[in-house]
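Undergrad: First the structure, then my questions, so here it is.
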Amino acid sequence: MGLLPAAASADPSREREPTIPLLSVEDAWHALPPVEKGSGQPLPSWARALAGPLPRTTAALLRLDFVHRTRNPIDPKLRAQMRWVAAHANGCAYSEAYALADARRAGVDDAAIGALTKADYSKLSAGEKSALEFARKMTLESSKVTDAEFSELVGHHGEGNAVAMVLLLAYSNFQDRLLTCLGSPLESGGPLTPVEVVFAPSATQSGMLAFPKSKTTLGKPTGKDLIDDDPEWLGVGYDELQEKLERQRSKTTRVRVPSWEEVVRGLPKGFTPSRKPVRIVWTLVCLGHQPELASAWETLMRTAGAESRGKLDRVLSQGLFWVVTKAVDCPYCMGHCEMNWEVAGLTKPEIAERSKALAGDDWSGFPPDEQRVFAFARKLTRSPATISSEDVEGIKRDFGIDRAVNVLVYASRCNYMVRVSNGFQLSLERDNVFFDYYSDAPTQAKPAPNSSGR
């Protein structure tokens, strides 16, 4: 395996200023949905920032974080080391500190931690070295992970654990970007142990939720957009992107794709599957191989989607996703953007028009706030450590704080999706598999109580 690009620099001593106001721990618990067990304990700073504007999403995030830090089947020592490698590559000092704390709690000694931070893998086994190199490459250039490298990982760790590694790194790349956007400061007493809390069933969105048709249209370009031209962005045009999508349809997914019946049999108690068989390869692979990890993520997506209704237009959100897919070279997810635009009500010519505009150097057909948020998503994807408080303030000015928080969460979430797709090199479906997926979903979510009542 060749040398990879230099990682971003993370300075654990740097004091961060939160971009979203932090609630007190007590106020955050009162803002969160009802709790059955575990209320009142210390909360990470990111949860105190999100509990006000997104209480249900925060509840789902706390569960997702707990699952990855305690239930992911990867050996705890290796898992923490992989998490540190991803955090270091992303330049996220907060996550570095947490990963090292988890490593020490798992029994990694100071000598091993010193070797890790120096990228000295000489005393590691071949399997450990393979996992850490995979973590770094999945973070920095996921589209360039080869079939041989993934096969080597499976050979050392087994298919189930290799799937868990992909999901861990997808979560890492989502979380690091969100923490950076929020300016999350490390807690005064140092990293917290995983927050184990059981929320009432109504806290999160259990079932799928359909979205109303969008009336968004693309304006006529004027040739005068607000975003500086990016030579790297223009290196791959619309026609070549469409060729990549076609090649992805002929790919063979790197792991076995379970049947829907197999997936349903293995789902955790309390997780509501679609009433119709799902044909989305992404869903089958993740829920089929790692149901606990994948259902925690799916619950987050459903909950965040329900909580963002009326705040984040479906066509705009898929535009953000499209920008992320191009930035990391993920044809599978780009194909899904096209499918979801169609579900949202765009015609195929309108989808092509929008994709061509985003792939080019003239974004003037989009409103100014959308031009700026697309550029933000591109920067967040390519170089998360360079996101500044000024960048986030710009999003807040354009969208207002409540909508801005939804934008930050969504743009970060997209960096999970593309890592999964690139890690497995999923075979892109030839027809629109999202029409069935949303056809039996309700259009309204049940509102959850906004206070725990404590």
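Following the order of the structure tokens, first chain is A, next is B, and so on, with residues numbered from 1 inside each chain and ligands from 1 in the order they appear.
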List as a list in words the protein and nucleic acid residues near A:Val323, meaning an atom at most 7 Å away when only C-alpha atoms are counted, but skip any in the same chain fewer than 5 places from it.
TA: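 My reading of the contact set: Phe374, Ala377 and Arg378 of chain A.
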Undergrad: Would you mind exporting the chosen residues as a CSV table (one decimal), in the first residue's frame, restricted to all heavy atoms?
TA:
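This went into part02.csv:
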```
chain,number,residue,atom,x,y,z
A,374,PHE,N,-23.7,25.2,-1.1
A,374,PHE,CA,-23.0,24.1,-1.9
A,374,PHE,C,-21.5,24.2,-1.8
A,374,PHE,O,-20.8,23.2,-1.6
A,374,PHE,CB,-23.4,24.2,-3.3
A,374,PHE,CG,-24.9,23.9,-3.6
A,374,PHE,CD1,-25.6,24.5,-4.7
A,374,PHE,CD2,-25.5,22.9,-2.8
A,374,PHE,CE1,-26.9,24.2,-4.9
A,374,PHE,CE2,-26.9,22.6,-3.1
A,374,PHE,CZ,-27.5,23.2,-4.1
A,377,ALA,N,-20.5,22.8,1.6
A,377,ALA,CA,-20.5,21.4,1.6
A,377,ALA,C,-19.3,20.8,0.9
A,377,ALA,O,-18.7,19.8,1.4
A,377,ALA,CB,-21.8,20.8,1.0
A,378,ARG,N,-18.9,21.4,-0.1
A,378,ARG,CA,-17.7,21.0,-0.9
A,378,ARG,C,-16.4,21.1,0.0
A,378,ARG,O,-15.6,20.2,0.1
A,378,ARG,CB,-17.5,21.8,-2.2
A,378,ARG,CG,-16.3,21.3,-3.0
A,378,ARG,CD,-16.4,22.0,-4.4
A,378,ARG,NE,-16.3,23.4,-4.4
A,378,ARG,CZ,-16.5,24.2,-5.4
A,378,ARG,NH1,-16.8,23.6,-6.6
A,378,ARG,NH2,-16.4,25.5,-5.4
```
Undergrad: Can you write out as a Markdown table which residues of stretch 169-261 of chain A fall within 10 Å of stretch 121-136 of chain A, alongside each residue's closest atom pair and its distance in Å to one decimal, counting only C-alpha atoms and ordering rows by chain and ascending residue number?
TA:
```
| residue | atom | partner | partner_atom | distance |
| --- | --- | --- | --- | --- |
| A:Leu169 | CA | A:Ala135 | CA | 6.5 |
| A:Ala170 | CA | A:Ala135 | CA | 9.8 |
| A:Ser172 | CA | A:Ala135 | CA | 9.7 |
```
Undergrad: Closest to A:Glu36 among A:Leu22, A:Ala200, A:Ala101, A:Cys181, using only C-alpha atoms?
TA: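 Checking each of A:Leu22, A:Ala200, A:Ala101, A:Cys181 against A:Glu36, counting only C-alpha atoms, the winner is A:Ala200.
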Undergrad: As an exercise, work out the distance from atom CA of A:Lys379 to atom CA of A:Val324 in Å and give it to one decimal place.
TA: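 We find that atom CA of A:Lys379 and atom CA of A:Val324 lie 9.2 Å from each other.
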Undergrad: So that I can check the surroundings of stretch 82-94 of chain A, please list as JSON, numbers by chain every protein, DNA and RNA residue that reaches within 9 Å of it, counting only C-alpha atoms and ignoring chain neighbours fewer than 3 positions away.
TA: {"A": [6, 7, 8, 9, 10, 11, 12, 13, 14, 77, 78, 79, 97, 98, 99, 100, 103, 116, 117, 119, 131, 132, 133, 134, 135, 136, 137, 138, 139, 140, 165, 168, 169, 172, 173, 176, 177, 179, 180, 184, 185, 186, 191, 383, 384, 385, 386]}
Undergrad: Using only C-alpha atoms, which protein or nucleic acid residues come within 12 Å of A:Val420? Drop anything in the same chain fewer than 4 positions from it, and give the result as a PyMOL selection string.
TA: chain A and resi 138-139+142-143+145+162-174+253-255+281-283+285-286+294+297+325+328+330+332-333+413-416+424-426
Undergrad: Generate a file of the selected residues that holds N, CA, C and O atoms, formatted as a compact mmCIF listing (two decimals), in the first residue's frame.
TA:
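The new file out-v7.txt reads:
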```txt
# COMPACT_ATOMS: atom_id res chain seq x y z
N MET A 138 -9.73 5.25 3.91
CA MET A 138 -11.17 5.46 3.83
C MET A 138 -11.54 6.89 4.20
O MET A 138 -12.54 7.44 3.71
N THR A 139 -10.74 7.51 5.06
CA THR A 139 -11.01 8.88 5.46
C THR A 139 -10.56 9.87 4.41
O THR A 139 -11.28 10.82 4.07
N SER A 142 -11.51 7.59 -0.03
CA SER A 142 -12.27 6.34 0.03
C SER A 142 -12.50 5.72 -1.34
O SER A 142 -12.59 4.49 -1.47
N SER A 143 -12.58 6.54 -2.38
CA SER A 143 -12.84 6.00 -3.72
C SER A 143 -11.65 5.22 -4.27
O SER A 143 -11.79 4.48 -5.25
N VAL A 145 -9.76 3.06 -2.40
CA VAL A 145 -9.57 1.75 -1.78
C VAL A 145 -9.80 0.69 -2.85
O VAL A 145 -10.81 0.72 -3.56
N ALA A 162 -15.28 -6.64 8.81
CA ALA A 162 -14.92 -5.67 7.76
C ALA A 162 -16.08 -4.72 7.51
O ALA A 162 -15.88 -3.51 7.32
N VAL A 163 -17.30 -5.24 7.51
CA VAL A 163 -18.47 -4.38 7.37
C VAL A 163 -18.55 -3.41 8.54
O VAL A 163 -18.80 -2.21 8.38
N ALA A 164 -18.30 -3.91 9.76
CA ALA A 164 -18.33 -3.05 10.95
C ALA A 164 -17.28 -1.95 10.86
O ALA A 164 -17.50 -0.82 11.31
N MET A 165 -16.13 -2.26 10.27
CA MET A 165 -15.08 -1.26 10.11
C MET A 165 -15.51 -0.15 9.16
O MET A 165 -15.28 1.03 9.40
N VAL A 166 -16.16 -0.53 8.06
CA VAL A 166 -16.66 0.47 7.12
C VAL A 166 -17.67 1.38 7.82
O VAL A 166 -17.63 2.61 7.69
N LEU A 167 -18.58 0.79 8.59
CA LEU A 167 -19.60 1.59 9.28
C LEU A 167 -18.96 2.47 10.35
O LEU A 167 -19.40 3.62 10.56
N LEU A 168 -17.95 1.98 11.04
CA LEU A 168 -17.25 2.80 12.03
C LEU A 168 -16.60 4.01 11.36
O LEU A 168 -16.69 5.14 11.87
N LEU A 169 -15.95 3.80 10.24
CA LEU A 169 -15.27 4.90 9.56
C LEU A 169 -16.26 5.86 8.92
O LEU A 169 -16.01 7.07 8.86
N ALA A 170 -17.39 5.34 8.47
CA ALA A 170 -18.44 6.23 7.98
C ALA A 170 -18.94 7.12 9.11
O ALA A 170 -19.08 8.34 8.95
N TYR A 171 -19.19 6.52 10.27
CA TYR A 171 -19.62 7.30 11.43
C TYR A 171 -18.56 8.31 11.84
O TYR A 171 -18.87 9.47 12.15
N SER A 172 -17.31 7.91 11.81
CA SER A 172 -16.21 8.81 12.20
C SER A 172 -16.18 10.03 11.30
O SER A 172 -16.01 11.17 11.77
N ASN A 173 -16.34 9.82 10.00
CA ASN A 173 -16.25 10.94 9.06
C ASN A 173 -17.48 11.85 9.14
O ASN A 173 -17.38 13.05 8.87
N PHE A 174 -18.61 11.31 9.50
CA PHE A 174 -19.78 12.14 9.81
C PHE A 174 -19.55 12.92 11.10
O PHE A 174 -19.70 14.15 11.14
N THR A 253 -20.68 -5.83 -5.87
CA THR A 253 -20.49 -5.37 -4.49
C THR A 253 -19.47 -6.26 -3.78
O THR A 253 -19.46 -7.48 -3.96
N ARG A 254 -18.60 -5.65 -2.99
CA ARG A 254 -17.46 -6.36 -2.40
C ARG A 254 -17.85 -7.37 -1.32
O ARG A 254 -17.03 -8.22 -0.96
N VAL A 255 -19.04 -7.25 -0.77
CA VAL A 255 -19.51 -8.23 0.22
C VAL A 255 -20.82 -8.82 -0.29
O VAL A 255 -21.46 -8.29 -1.19
N VAL A 281 -29.45 -1.64 -2.32
CA VAL A 281 -28.28 -2.46 -1.98
C VAL A 281 -27.63 -1.94 -0.70
O VAL A 281 -27.20 -2.73 0.16
N TRP A 282 -27.54 -0.63 -0.55
CA TRP A 282 -26.96 0.00 0.65
C TRP A 282 -27.65 -0.55 1.90
O TRP A 282 -27.01 -0.96 2.87
N THR A 283 -28.97 -0.55 1.89
CA THR A 283 -29.76 -0.98 3.04
C THR A 283 -29.58 -2.47 3.32
O THR A 283 -29.42 -2.90 4.46
N VAL A 285 -27.08 -4.47 2.52
CA VAL A 285 -25.73 -4.80 3.00
C VAL A 285 -25.56 -4.38 4.46
O VAL A 285 -25.11 -5.17 5.30
N CYS A 286 -25.93 -3.15 4.77
CA CYS A 286 -25.67 -2.64 6.13
C CYS A 286 -26.54 -3.33 7.16
O CYS A 286 -26.04 -3.85 8.17
N ALA A 294 -26.29 -0.64 11.95
CA ALA A 294 -27.00 -0.02 10.83
C ALA A 294 -28.37 0.50 11.24
O ALA A 294 -28.81 1.54 10.75
N TRP A 297 -28.04 3.85 12.85
CA TRP A 297 -27.86 4.91 11.84
C TRP A 297 -29.18 5.19 11.12
O TRP A 297 -29.54 6.35 10.90
N THR A 325 -21.07 13.88 -3.12
CA THR A 325 -20.73 12.68 -3.90
C THR A 325 -19.67 12.99 -4.96
O THR A 325 -18.78 12.18 -5.21
N VAL A 328 -16.08 13.44 -3.35
CA VAL A 328 -15.35 12.22 -2.95
C VAL A 328 -15.41 11.13 -4.01
O VAL A 328 -14.95 10.01 -3.76
N CYS A 330 -18.14 9.41 -5.61
CA CYS A 330 -19.01 8.31 -5.20
C CYS A 330 -20.19 8.18 -6.17
O CYS A 330 -21.26 8.76 -5.94
N TYR A 332 -22.23 5.72 -6.75
CA TYR A 332 -23.43 5.06 -6.22
C TYR A 332 -24.36 6.08 -5.58
O TYR A 332 -25.56 6.14 -5.88
N CYS A 333 -23.82 6.91 -4.70
CA CYS A 333 -24.66 7.90 -4.02
C CYS A 333 -25.12 8.99 -4.98
O CYS A 333 -26.22 9.54 -4.82
N ARG A 413 -23.83 14.37 7.58
CA ARG A 413 -24.39 13.04 7.37
C ARG A 413 -24.01 12.47 6.01
O ARG A 413 -23.76 11.26 5.86
N CYS A 414 -24.00 13.31 4.99
CA CYS A 414 -23.68 12.83 3.64
C CYS A 414 -22.31 12.17 3.59
O CYS A 414 -22.08 11.26 2.78
N ASN A 415 -21.40 12.61 4.45
CA ASN A 415 -20.06 12.04 4.47
C ASN A 415 -20.02 10.66 5.11
O ASN A 415 -19.01 9.96 4.99
N TYR A 416 -21.08 10.27 5.77
CA TYR A 416 -21.25 8.88 6.20
C TYR A 416 -21.65 8.04 4.99
O TYR A 416 -21.05 7.00 4.71
N PHE A 424 -17.76 -0.35 0.17
CA PHE A 424 -18.27 -1.62 -0.36
C PHE A 424 -18.34 -1.64 -1.88
O PHE A 424 -18.60 -2.69 -2.47
N GLN A 425 -18.14 -0.48 -2.53
CA GLN A 425 -18.33 -0.37 -3.99
C GLN A 425 -19.65 -1.03 -4.39
O GLN A 425 -19.71 -1.98 -5.17
N LEU A 426 -20.72 -0.49 -3.82
CA LEU A 426 -22.05 -1.04 -4.04
C LEU A 426 -22.46 -0.95 -5.50
O LEU A 426 -22.19 0.03 -6.18
```
Undergrad: What's around A:Thr347 at 12 Å? Count only C-alpha atoms, leave out sequence neighbours fewer than 3 positions away in its own chain, and write the answer as JSON, numbers by chain.
TA: {"A": [213, 214, 215, 216, 217, 338, 339, 340, 341, 342, 343, 344, 350, 351, 352, 353, 354]}
Undergrad: Taking into account only C-alpha atoms, which residue in the set A:Pro194, A:Gly114, A:Pro44, A:Pro76 is nearest to A:Leu64?
TA: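 Among A:Pro194, A:Gly114, A:Pro44, A:Pro76, it is A:Pro194 that comes nearest to A:Leu64.
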Undergrad: Which residues are close to A:Asp230, i.e. within 12 Å by only C-alpha atoms, leaving aside same-chain residues fewer than 5 positions away? Reply as a PyMOL selection string.
TA: chain A and resi 235-236+327+358-363+375+378-379
Undergrad: Neighbours of A:Gly266 within 8 Å (only C-alpha atoms; same-chain residues fewer than 2 positions away dropped), as an MDAnalysis selection string?
TA: chainID A and resid 262:264 268 288 291
Undergrad: Pick the closest to A:Gly38 from A:Leu62, A:Leu380, A:Ala404, A:Val392: which is it, counting only C-alpha atoms?
TA: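 Going through A:Leu62, A:Leu380, A:Ala404, A:Val392 one by one, the smallest distance to A:Gly38 is for A:Leu62.
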Undergrad: I need the alpha helix (DSSP H) residues of stretch 157-299 of chain A per DSSP on the backbone, written as a ChimeraX atom specification.
TA: /A:157,159-182,238-249,260-266,281-289,291-299
Undergrad: Take the selection from the previous step and output its residues with C-alpha atoms, as a PDB file, in the first residue's frame.
TA:
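See result11.pdb below for the written result:
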```
ATOM      1  CA  HIS A 157     -10.875  -9.852  10.162  1.00  0.00           C
ATOM      2  CA  GLU A 159     -16.597 -10.210   6.411  1.00  0.00           C
ATOM      3  CA  GLY A 160     -18.753  -9.165   9.383  1.00  0.00           C
ATOM      4  CA  ASN A 161     -15.986  -7.216  11.064  1.00  0.00           C
ATOM      5  CA  ALA A 162     -14.920  -5.672   7.762  1.00  0.00           C
ATOM      6  CA  VAL A 163     -18.474  -4.375   7.370  1.00  0.00           C
ATOM      7  CA  ALA A 164     -18.334  -3.048  10.947  1.00  0.00           C
ATOM      8  CA  MET A 165     -15.076  -1.256  10.112  1.00  0.00           C
ATOM      9  CA  VAL A 166     -16.657   0.472   7.121  1.00  0.00           C
ATOM     10  CA  LEU A 167     -19.595   1.587   9.284  1.00  0.00           C
ATOM     11  CA  LEU A 168     -17.246   2.797  12.028  1.00  0.00           C
ATOM     12  CA  LEU A 169     -15.269   4.899   9.564  1.00  0.00           C
ATOM     13  CA  ALA A 170     -18.442   6.230   7.977  1.00  0.00           C
ATOM     14  CA  TYR A 171     -19.622   7.300  11.432  1.00  0.00           C
ATOM     15  CA  SER A 172     -16.213   8.806  12.196  1.00  0.00           C
ATOM     16  CA  ASN A 173     -16.254  10.945   9.059  1.00  0.00           C
ATOM     17  CA  PHE A 174     -19.778  12.139   9.812  1.00  0.00           C
ATOM     18  CA  GLN A 175     -19.067  12.883  13.466  1.00  0.00           C
ATOM     19  CA  ASP A 176     -15.752  14.662  12.923  1.00  0.00           C
ATOM     20  CA  ARG A 177     -17.347  17.051  10.449  1.00  0.00           C
ATOM     21  CA  LEU A 178     -20.327  17.765  12.679  1.00  0.00           C
ATOM     22  CA  LEU A 179     -18.086  18.395  15.694  1.00  0.00           C
ATOM     23  CA  THR A 180     -15.989  20.774  13.608  1.00  0.00           C
ATOM     24  CA  CYS A 181     -19.074  22.651  12.403  1.00  0.00           C
ATOM     25  CA  LEU A 182     -20.387  22.958  15.958  1.00  0.00           C
ATOM     26  CA  TYR A 238     -21.305  15.889 -16.407  1.00  0.00           C
ATOM     27  CA  ASP A 239     -20.838  13.404 -19.269  1.00  0.00           C
ATOM     28  CA  GLU A 240     -17.967  11.643 -17.508  1.00  0.00           C
ATOM     29  CA  LEU A 241     -20.006  11.524 -14.298  1.00  0.00           C
ATOM     30  CA  GLN A 242     -22.825   9.790 -16.170  1.00  0.00           C
ATOM     31  CA  GLU A 243     -20.314   7.259 -17.504  1.00  0.00           C
ATOM     32  CA  LYS A 244     -19.185   6.597 -13.930  1.00  0.00           C
ATOM     33  CA  LEU A 245     -22.794   5.943 -12.920  1.00  0.00           C
ATOM     34  CA  GLU A 246     -23.170   3.415 -15.727  1.00  0.00           C
ATOM     35  CA  ARG A 247     -19.964   1.634 -14.725  1.00  0.00           C
ATOM     36  CA  GLN A 248     -21.219   1.513 -11.125  1.00  0.00           C
ATOM     37  CA  ARG A 249     -24.305  -0.353 -12.304  1.00  0.00           C
ATOM     38  CA  TRP A 260     -34.674  -8.739   2.318  1.00  0.00           C
ATOM     39  CA  GLU A 261     -36.110 -11.770   4.138  1.00  0.00           C
ATOM     40  CA  GLU A 262     -32.731 -12.384   5.771  1.00  0.00           C
ATOM     41  CA  VAL A 263     -32.483  -8.730   6.751  1.00  0.00           C
ATOM     42  CA  VAL A 264     -35.904  -8.710   8.407  1.00  0.00           C
ATOM     43  CA  ARG A 265     -35.119 -11.837  10.424  1.00  0.00           C
ATOM     44  CA  GLY A 266     -32.041 -10.215  11.939  1.00  0.00           C
ATOM     45  CA  VAL A 281     -28.282  -2.458  -1.976  1.00  0.00           C
ATOM     46  CA  TRP A 282     -26.955  -0.003   0.653  1.00  0.00           C
ATOM     47  CA  THR A 283     -29.763  -0.984   3.045  1.00  0.00           C
ATOM     48  CA  LEU A 284     -29.490  -4.721   2.429  1.00  0.00           C
ATOM     49  CA  VAL A 285     -25.734  -4.796   3.005  1.00  0.00           C
ATOM     50  CA  CYS A 286     -25.671  -2.639   6.129  1.00  0.00           C
ATOM     51  CA  LEU A 287     -28.756  -4.006   7.904  1.00  0.00           C
ATOM     52  CA  GLY A 288     -28.022  -7.536   6.747  1.00  0.00           C
ATOM     53  CA  HIS A 289     -24.441  -7.738   8.007  1.00  0.00           C
ATOM     54  CA  PRO A 291     -28.142  -4.879  12.066  1.00  0.00           C
ATOM     55  CA  GLU A 292     -27.447  -3.157  15.384  1.00  0.00           C
ATOM     56  CA  LEU A 293     -24.990  -0.620  13.989  1.00  0.00           C
ATOM     57  CA  ALA A 294     -26.997  -0.020  10.832  1.00  0.00           C
ATOM     58  CA  SER A 295     -30.383   0.278  12.553  1.00  0.00           C
ATOM     59  CA  ALA A 296     -28.956   2.919  14.905  1.00  0.00           C
ATOM     60  CA  TRP A 297     -27.862   4.909  11.844  1.00  0.00           C
ATOM     61  CA  GLU A 298     -31.167   4.335  10.040  1.00  0.00           C
ATOM     62  CA  THR A 299     -33.025   5.581  13.121  1.00  0.00           C
TER      63      THR A 299
END
```
Undergrad: Quick one: distance from atom CA of A:Leu234 to atom CA of A:Cys337 in Å, one decimal?
TA: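 The value is 19.5 Å.
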Undergrad: Grab the atom CA of A:Val25 to atom CA of A:Ala80 distance for me, in Å with one decimal place.
TA: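 Spanning atom CA of A:Val25 to atom CA of A:Ala80 is a straight-line distance of 26.3 Å.
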Undergrad: Between A:Gly107, A:Pro221, A:Pro231, A:Pro367, which is the closest to A:Leu316 once you count only C-alpha atoms?
TA: A:Pro367
